[in-house]
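Participant: Encoded as structure tokens, here's the structure I'll be asking about.
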Amino acid sequence: MKICEVKQGSPEWHQLRLGKPTASVFKEIVTPVNGDLSKSSIKLAHKLLAERFLGYPLDSFTSAAMEAGREGEPKARAWYEFRHDCEVREVGICFTDDGRIGASPDGIAGRGLLEIKCPNPDTHIGYMLNEAGIGAEYRTQIQGQLWICEAEWLESLSYCPPFPPRLVRIERDEDFITSMSFAVRQFADQLDEMEAKLRGLGCLQMVQ
């Protein structure tokens, strides 16, 4: 694993992940049930290839809800550190050793990870009533982070005052990670092959 110490959401962070599959989009690459390569992943491949040639992200838009979530993260992280009497390490983005696949956890806590969501009140209530917390909805992202960051567990935290926080620990699913990692690496190989083909067609010269 390689760790890049940049601020998440910064121009440097966007540039590092440009045109690369990351855990947040694994849901578009693999099926959430068994982790096999999804037929619909071709759409994501075309998007990432466009980013590689253009040199900028195609979805840099930040909504008001996303901005509010980012503003709430420091308070959620502080609550977690106080509850566990620990220090959470903030990281920008982590990559596999070959640098082709990434993940951006909200924090590293010892042998585990922290994933923070600061949702709207109605969404938070749904997480409170769900035994799996946010784990079921974000399975591919969470297991993807555990794979890339080589972590043993992840604690998902939904934080939305004045409601009580919802904290759930999720363990590694080795069978799912094995299947998913194979499929994502296969997707990364396909991306490189497509890029080589496009270069042969003169795409690089055209966008320059």
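Identifiers in this document derive from the order of the structure tokens: chains are assigned A, B, ..., residues are numbered from 1 separately in each chain, and ligands are numbered from 1 in order of occurrence.
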If we count only C-alpha atoms and set the cut-off at 12 Å, which residues sit around segment 190-201 of chain A, ignoring sequence neighbours fewer than 6 positions away in its own chain? Please answer as a tab-separated table (two decimals) with N, CA and C atoms, in the first residue's frame.
Facilitator:
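The resulting file, around_17.tsv, is shown below:
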chain	number	residue	atom	x	y	z
A	19	GLY	N	-8.62	9.53	-13.50
A	19	GLY	CA	-8.60	8.42	-14.45
A	19	GLY	C	-8.31	7.06	-13.84
A	20	LYS	N	-8.41	6.95	-12.51
A	20	LYS	CA	-8.11	5.69	-11.85
A	20	LYS	C	-9.35	5.17	-11.11
A	21	PRO	N	-9.55	3.86	-11.08
A	21	PRO	CA	-10.66	3.31	-10.29
A	21	PRO	C	-10.37	3.45	-8.80
A	29	ILE	N	-18.17	-1.05	-10.88
A	29	ILE	CA	-17.24	-2.01	-11.50
A	29	ILE	C	-17.64	-3.44	-11.21
A	37	LEU	N	-17.05	-8.88	-11.97
A	37	LEU	CA	-17.00	-7.74	-12.87
A	37	LEU	C	-18.38	-7.49	-13.49
A	41	SER	N	-19.71	-1.82	-16.27
A	41	SER	CA	-18.47	-1.12	-15.93
A	41	SER	C	-17.88	-0.39	-17.14
A	42	ILE	N	-18.31	-0.73	-18.33
A	42	ILE	CA	-17.78	-0.11	-19.54
A	42	ILE	C	-18.05	1.39	-19.55
A	43	LYS	N	-19.17	1.82	-18.97
A	43	LYS	CA	-19.50	3.25	-18.92
A	43	LYS	C	-18.48	3.99	-18.07
A	44	LEU	N	-18.12	3.41	-16.93
A	44	LEU	CA	-17.11	4.02	-16.07
A	44	LEU	C	-15.76	4.04	-16.77
A	45	ALA	N	-15.44	2.98	-17.50
A	45	ALA	CA	-14.17	2.93	-18.22
A	45	ALA	C	-14.05	4.09	-19.21
A	46	HIS	N	-15.11	4.37	-19.92
A	46	HIS	CA	-15.09	5.47	-20.89
A	46	HIS	C	-14.89	6.81	-20.19
A	47	LYS	N	-15.52	6.97	-19.03
A	47	LYS	CA	-15.37	8.21	-18.27
A	47	LYS	C	-13.94	8.39	-17.78
A	48	LEU	N	-13.35	7.35	-17.20
A	48	LEU	CA	-11.99	7.44	-16.69
A	48	LEU	C	-10.99	7.67	-17.81
A	49	LEU	N	-11.23	7.06	-18.96
A	49	LEU	CA	-10.35	7.28	-20.11
A	49	LEU	C	-10.41	8.73	-20.58
A	50	ALA	N	-11.60	9.30	-20.59
A	50	ALA	CA	-11.75	10.70	-20.97
A	50	ALA	C	-10.96	11.59	-20.02
A	51	GLU	N	-11.01	11.28	-18.73
A	51	GLU	CA	-10.25	12.06	-17.75
A	51	GLU	C	-8.75	11.96	-18.00
A	52	ARG	N	-8.28	10.76	-18.35
A	52	ARG	CA	-6.85	10.57	-18.58
A	52	ARG	C	-6.35	11.45	-19.73
A	53	PHE	N	-7.15	11.57	-20.76
A	53	PHE	CA	-6.72	12.33	-21.92
A	53	PHE	C	-6.96	13.83	-21.75
A	100	ARG	N	-2.30	1.82	-9.34
A	100	ARG	CA	-3.38	1.90	-10.32
A	100	ARG	C	-4.77	1.98	-9.71
A	101	ILE	N	-4.92	1.59	-8.44
A	101	ILE	CA	-6.23	1.50	-7.81
A	101	ILE	C	-6.15	2.18	-6.44
A	183	ALA	N	-11.64	-8.78	-9.98
A	183	ALA	CA	-12.45	-8.07	-10.97
A	183	ALA	C	-11.94	-6.65	-11.19
A	184	VAL	N	-11.57	-5.95	-10.11
A	184	VAL	CA	-11.11	-4.57	-10.25
A	184	VAL	C	-9.77	-4.52	-10.96
A	207	VAL	N	-6.37	15.97	-28.34
A	207	VAL	CA	-6.75	16.77	-27.17
A	207	VAL	C	-5.69	17.79	-26.82
Participant: Can you check which parts of segment 2-71 of chain A lie within 9 Å of segment 143-161 of chain A? Per residue, the shortest pair of atoms and distance in Å to one decimal, counting only C-alpha atoms, sorted by chain and number, as a tab-separated table.
Facilitator:
residue	atom	partner	partner_atom	distance
A:Lys2	CA	A:Cys149	CA	8.5
A:Ile3	CA	A:Cys149	CA	8.7
A:Thr22	CA	A:Gly144	CA	8.3
A:Ala23	CA	A:Gly144	CA	5.2
A:Ser24	CA	A:Gly144	CA	8.3
A:Phe26	CA	A:Gly144	CA	7.3
Participant: Pull the strand (DSSP E) assignments for segment 49-158 of chain A out of DSSP run on the backbone, and list those residues as a list in words.
Facilitator: Ile93, Cys94, Phe95, Gly102, Ala103, Gly107, Ile108, Ala109, Gly112, Leu113, Leu114, Glu115, Ile116, Lys117, Trp153, Leu154, Glu155, Ser156, Leu157 and Ser158 of chain A
Participant: Could you write out the selected residues, including C-alpha atoms, as a compact mmCIF listing (two decimals), in the first residue's frame?
Facilitator:
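Final output, saved to part-v6.txt:
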# COMPACT_ATOMS: atom_id res chain seq x y z
CA ILE A 93 -5.53 8.68 -0.71
CA CYS A 94 -4.10 5.16 -0.54
CA PHE A 95 -3.06 3.15 -3.57
CA GLY A 102 -7.04 3.81 -4.90
CA ALA A 103 -9.19 4.46 -1.85
CA GLY A 107 -9.29 7.99 8.78
CA ILE A 108 -6.95 5.24 9.93
CA ALA A 109 -7.31 4.10 13.53
CA GLY A 112 -8.76 -0.33 11.27
CA LEU A 113 -10.44 2.42 9.26
CA LEU A 114 -13.07 5.06 9.92
CA GLU A 115 -15.74 5.93 7.37
CA ILE A 116 -17.79 9.03 8.22
CA LYS A 117 -21.15 10.06 6.81
CA TRP A 153 -11.94 -3.75 10.16
CA LEU A 154 -13.82 -0.54 9.41
CA GLU A 155 -16.15 1.39 11.67
CA SER A 156 -18.88 3.25 9.84
CA LEU A 157 -20.06 6.38 11.63
CA SER A 158 -23.23 8.26 10.75
Participant: Take atom CA of Lys39 of chain A and atom CA of Gly55 of chain A and report the distance between them in Å, one decimal.
Facilitator: 26.1 Å
Participant: Between A:Ile125, A:Tyr56, A:Glu174, A:Cys118, which has the minimum distance to Pro74 of chain A (counting only C-alpha atoms)?
Facilitator: A:Cys118
Participant: Tell me which protein, DNA and RNA residues are within 12 Å of Glu12 of chain A, counting only C-alpha atoms, leaving out same-chain ones fewer than 4 positions away, and put them as a PDB file with N, CA, C and O atoms, in the first residue's frame.
Facilitator:
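That gives us result_1.pdb:
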ATOM      1  N   CYS A   4      -0.634   8.662   0.125  1.00  0.00           N
ATOM      2  CA  CYS A   4      -0.317  10.013  -0.338  1.00  0.00           C
ATOM      3  C   CYS A   4      -0.954  11.015   0.624  1.00  0.00           C
ATOM      4  O   CYS A   4      -2.182  11.032   0.787  1.00  0.00           O
ATOM      5  N   GLU A   5      -0.136  11.814   1.261  1.00  0.00           N
ATOM      6  CA  GLU A   5      -0.605  12.756   2.278  1.00  0.00           C
ATOM      7  C   GLU A   5      -1.021  14.073   1.636  1.00  0.00           C
ATOM      8  O   GLU A   5      -0.269  15.045   1.607  1.00  0.00           O
ATOM      9  N   VAL A   6      -2.213  14.103   1.105  1.00  0.00           N
ATOM     10  CA  VAL A   6      -2.787  15.328   0.559  1.00  0.00           C
ATOM     11  C   VAL A   6      -4.166  15.524   1.176  1.00  0.00           C
ATOM     12  O   VAL A   6      -4.744  14.590   1.741  1.00  0.00           O
ATOM     13  N   LYS A   7      -4.700  16.716   1.081  1.00  0.00           N
ATOM     14  CA  LYS A   7      -6.021  16.989   1.638  1.00  0.00           C
ATOM     15  C   LYS A   7      -7.093  16.476   0.691  1.00  0.00           C
ATOM     16  O   LYS A   7      -7.074  16.789  -0.502  1.00  0.00           O
ATOM     17  N   GLN A   8      -8.012  15.687   1.232  1.00  0.00           N
ATOM     18  CA  GLN A   8      -9.093  15.168   0.405  1.00  0.00           C
ATOM     19  C   GLN A   8      -9.941  16.320  -0.132  1.00  0.00           C
ATOM     20  O   GLN A   8     -10.308  17.236   0.584  1.00  0.00           O
ATOM     21  N   LEU A  16      -4.378  13.164  -8.285  1.00  0.00           N
ATOM     22  CA  LEU A  16      -3.818  11.849  -7.985  1.00  0.00           C
ATOM     23  C   LEU A  16      -4.771  10.723  -8.385  1.00  0.00           C
ATOM     24  O   LEU A  16      -4.336   9.655  -8.824  1.00  0.00           O
ATOM     25  N   ARG A  17      -6.063  10.943  -8.239  1.00  0.00           N
ATOM     26  CA  ARG A  17      -7.048   9.895  -8.524  1.00  0.00           C
ATOM     27  C   ARG A  17      -7.618   9.989  -9.938  1.00  0.00           C
ATOM     28  O   ARG A  17      -8.465   9.184 -10.321  1.00  0.00           O
ATOM     29  N   LEU A  18      -7.137  10.945 -10.702  1.00  0.00           N
ATOM     30  CA  LEU A  18      -7.649  11.193 -12.037  1.00  0.00           C
ATOM     31  C   LEU A  18      -7.506   9.965 -12.935  1.00  0.00           C
ATOM     32  O   LEU A  18      -6.415   9.418 -13.091  1.00  0.00           O
ATOM     33  N   TYR A  56      -8.454  16.443 -16.483  1.00  0.00           N
ATOM     34  CA  TYR A  56      -9.253  17.006 -15.392  1.00  0.00           C
ATOM     35  C   TYR A  56     -10.453  16.100 -15.127  1.00  0.00           C
ATOM     36  O   TYR A  56     -10.913  15.388 -16.021  1.00  0.00           O
ATOM     37  N   PRO A  57     -10.983  16.109 -13.884  1.00  0.00           N
ATOM     38  CA  PRO A  57     -12.118  15.242 -13.548  1.00  0.00           C
ATOM     39  C   PRO A  57     -13.399  15.714 -14.208  1.00  0.00           C
ATOM     40  O   PRO A  57     -13.619  16.919 -14.370  1.00  0.00           O
ATOM     41  N   GLY A  92      -4.823  11.306   2.648  1.00  0.00           N
ATOM     42  CA  GLY A  92      -5.427  11.796   1.421  1.00  0.00           C
ATOM     43  C   GLY A  92      -5.992  10.663   0.592  1.00  0.00           C
ATOM     44  O   GLY A  92      -7.203  10.535   0.419  1.00  0.00           O
ATOM     45  N   ILE A  93      -5.104   9.822   0.106  1.00  0.00           N
ATOM     46  CA  ILE A  93      -5.532   8.683  -0.712  1.00  0.00           C
ATOM     47  C   ILE A  93      -4.494   7.573  -0.604  1.00  0.00           C
ATOM     48  O   ILE A  93      -3.291   7.846  -0.503  1.00  0.00           O
TER      49      ILE A  93
END
Participant: Hey, can you check how far atom CA of Arg172 of chain A sits from atom CA of His14 of chain A?
Facilitator: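 Going from atom CA of Arg172 of chain A over to atom CA of His14 of chain A covers 27.4 Å.
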Participant: Would you list, as an mmCIF file with N, CA, C and O atoms, in the first residue's frame, the residues of segment 85-162 of chain A that end up in helix (DSSP H, G or I) under DSSP run on this structure's backbone?
Facilitator:
data_model
loop_
_atom_site.group_PDB
_atom_site.id
_atom_site.type_symbol
_atom_site.label_atom_id
_atom_site.label_comp_id
_atom_site.auth_asym_id
_atom_site.auth_seq_id
_atom_site.Cartn_x
_atom_site.Cartn_y
_atom_site.Cartn_z
ATOM 1 N N PRO A 121 -31.105 14.386 8.216
ATOM 2 C CA PRO A 121 -31.739 13.691 9.342
ATOM 3 C C PRO A 121 -32.525 12.447 8.941
ATOM 4 O O PRO A 121 -32.464 11.424 9.627
ATOM 5 N N ASP A 122 -33.278 12.496 7.824
ATOM 6 C CA ASP A 122 -34.076 11.336 7.448
ATOM 7 C C ASP A 122 -33.197 10.159 7.049
ATOM 8 O O ASP A 122 -33.498 9.003 7.364
ATOM 9 N N THR A 123 -32.076 10.445 6.357
ATOM 10 C CA THR A 123 -31.144 9.374 5.992
ATOM 11 C C THR A 123 -30.492 8.796 7.236
ATOM 12 O O THR A 123 -30.320 7.570 7.356
ATOM 13 N N HIS A 124 -30.148 9.655 8.187
ATOM 14 C CA HIS A 124 -29.514 9.192 9.424
ATOM 15 C C HIS A 124 -30.452 8.275 10.209
ATOM 16 O O HIS A 124 -30.026 7.252 10.759
ATOM 17 N N ILE A 125 -31.727 8.617 10.252
ATOM 18 C CA ILE A 125 -32.697 7.770 10.949
ATOM 19 C C ILE A 125 -32.742 6.395 10.307
ATOM 20 O O ILE A 125 -32.833 5.364 10.984
ATOM 21 N N GLY A 126 -32.650 6.360 8.978
ATOM 22 C CA GLY A 126 -32.605 5.070 8.292
ATOM 23 C C GLY A 126 -31.400 4.256 8.714
ATOM 24 O O GLY A 126 -31.502 3.040 8.925
ATOM 25 N N TYR A 127 -30.232 4.905 8.865
ATOM 26 C CA TYR A 127 -29.030 4.202 9.322
ATOM 27 C C TYR A 127 -29.201 3.714 10.753
ATOM 28 O O TYR A 127 -28.737 2.626 11.112
ATOM 29 N N MET A 128 -29.881 4.506 11.606
ATOM 30 C CA MET A 128 -30.092 4.117 12.998
ATOM 31 C C MET A 128 -30.966 2.867 13.093
ATOM 32 O O MET A 128 -30.764 2.018 13.965
ATOM 33 N N LEU A 129 -31.924 2.748 12.184
ATOM 34 C CA LEU A 129 -32.853 1.620 12.220
ATOM 35 C C LEU A 129 -32.304 0.384 11.512
ATOM 36 O O LEU A 129 -32.847 -0.708 11.664
ATOM 37 N N ARG A 139 -21.312 -1.466 0.628
ATOM 38 C CA ARG A 139 -20.504 -2.675 0.784
ATOM 39 C C ARG A 139 -19.251 -2.658 -0.087
ATOM 40 O O ARG A 139 -18.157 -2.943 0.388
ATOM 41 N N THR A 140 -19.396 -2.350 -1.367
ATOM 42 C CA THR A 140 -18.239 -2.396 -2.261
ATOM 43 C C THR A 140 -17.197 -1.356 -1.872
ATOM 44 O O THR A 140 -15.999 -1.614 -1.922
ATOM 45 N N GLN A 141 -17.638 -0.163 -1.470
ATOM 46 C CA GLN A 141 -16.701 0.882 -1.068
ATOM 47 C C GLN A 141 -15.957 0.483 0.203
ATOM 48 O O GLN A 141 -14.733 0.623 0.294
ATOM 49 N N ILE A 142 -16.697 -0.034 1.182
ATOM 50 C CA ILE A 142 -16.089 -0.389 2.464
ATOM 51 C C ILE A 142 -15.128 -1.560 2.317
ATOM 52 O O ILE A 142 -13.988 -1.503 2.799
ATOM 53 N N GLN A 143 -15.558 -2.618 1.659
ATOM 54 C CA GLN A 143 -14.669 -3.763 1.470
ATOM 55 C C GLN A 143 -13.488 -3.384 0.562
ATOM 56 O O GLN A 143 -12.386 -3.917 0.715
ATOM 57 N N GLY A 144 -13.726 -2.447 -0.357
ATOM 58 C CA GLY A 144 -12.641 -1.968 -1.195
ATOM 59 C C GLY A 144 -11.592 -1.217 -0.388
ATOM 60 O O GLY A 144 -10.384 -1.374 -0.607
ATOM 61 N N GLN A 145 -12.035 -0.405 0.551
ATOM 62 C CA GLN A 145 -11.103 0.303 1.421
ATOM 63 C C GLN A 145 -10.316 -0.671 2.292
ATOM 64 O O GLN A 145 -9.100 -0.505 2.476
ATOM 65 N N LEU A 146 -11.000 -1.680 2.817
ATOM 66 C CA LEU A 146 -10.314 -2.676 3.642
ATOM 67 C C LEU A 146 -9.254 -3.418 2.833
ATOM 68 O O LEU A 146 -8.163 -3.723 3.347
ATOM 69 N N TRP A 147 -9.553 -3.699 1.577
ATOM 70 C CA TRP A 147 -8.591 -4.382 0.704
ATOM 71 C C TRP A 147 -7.376 -3.502 0.432
ATOM 72 O O TRP A 147 -6.233 -3.906 0.691
ATOM 73 N N ILE A 148 -7.614 -2.306 -0.075
ATOM 74 C CA ILE A 148 -6.507 -1.454 -0.505
ATOM 75 C C ILE A 148 -5.670 -0.970 0.674
ATOM 76 O O ILE A 148 -4.438 -0.906 0.590
#
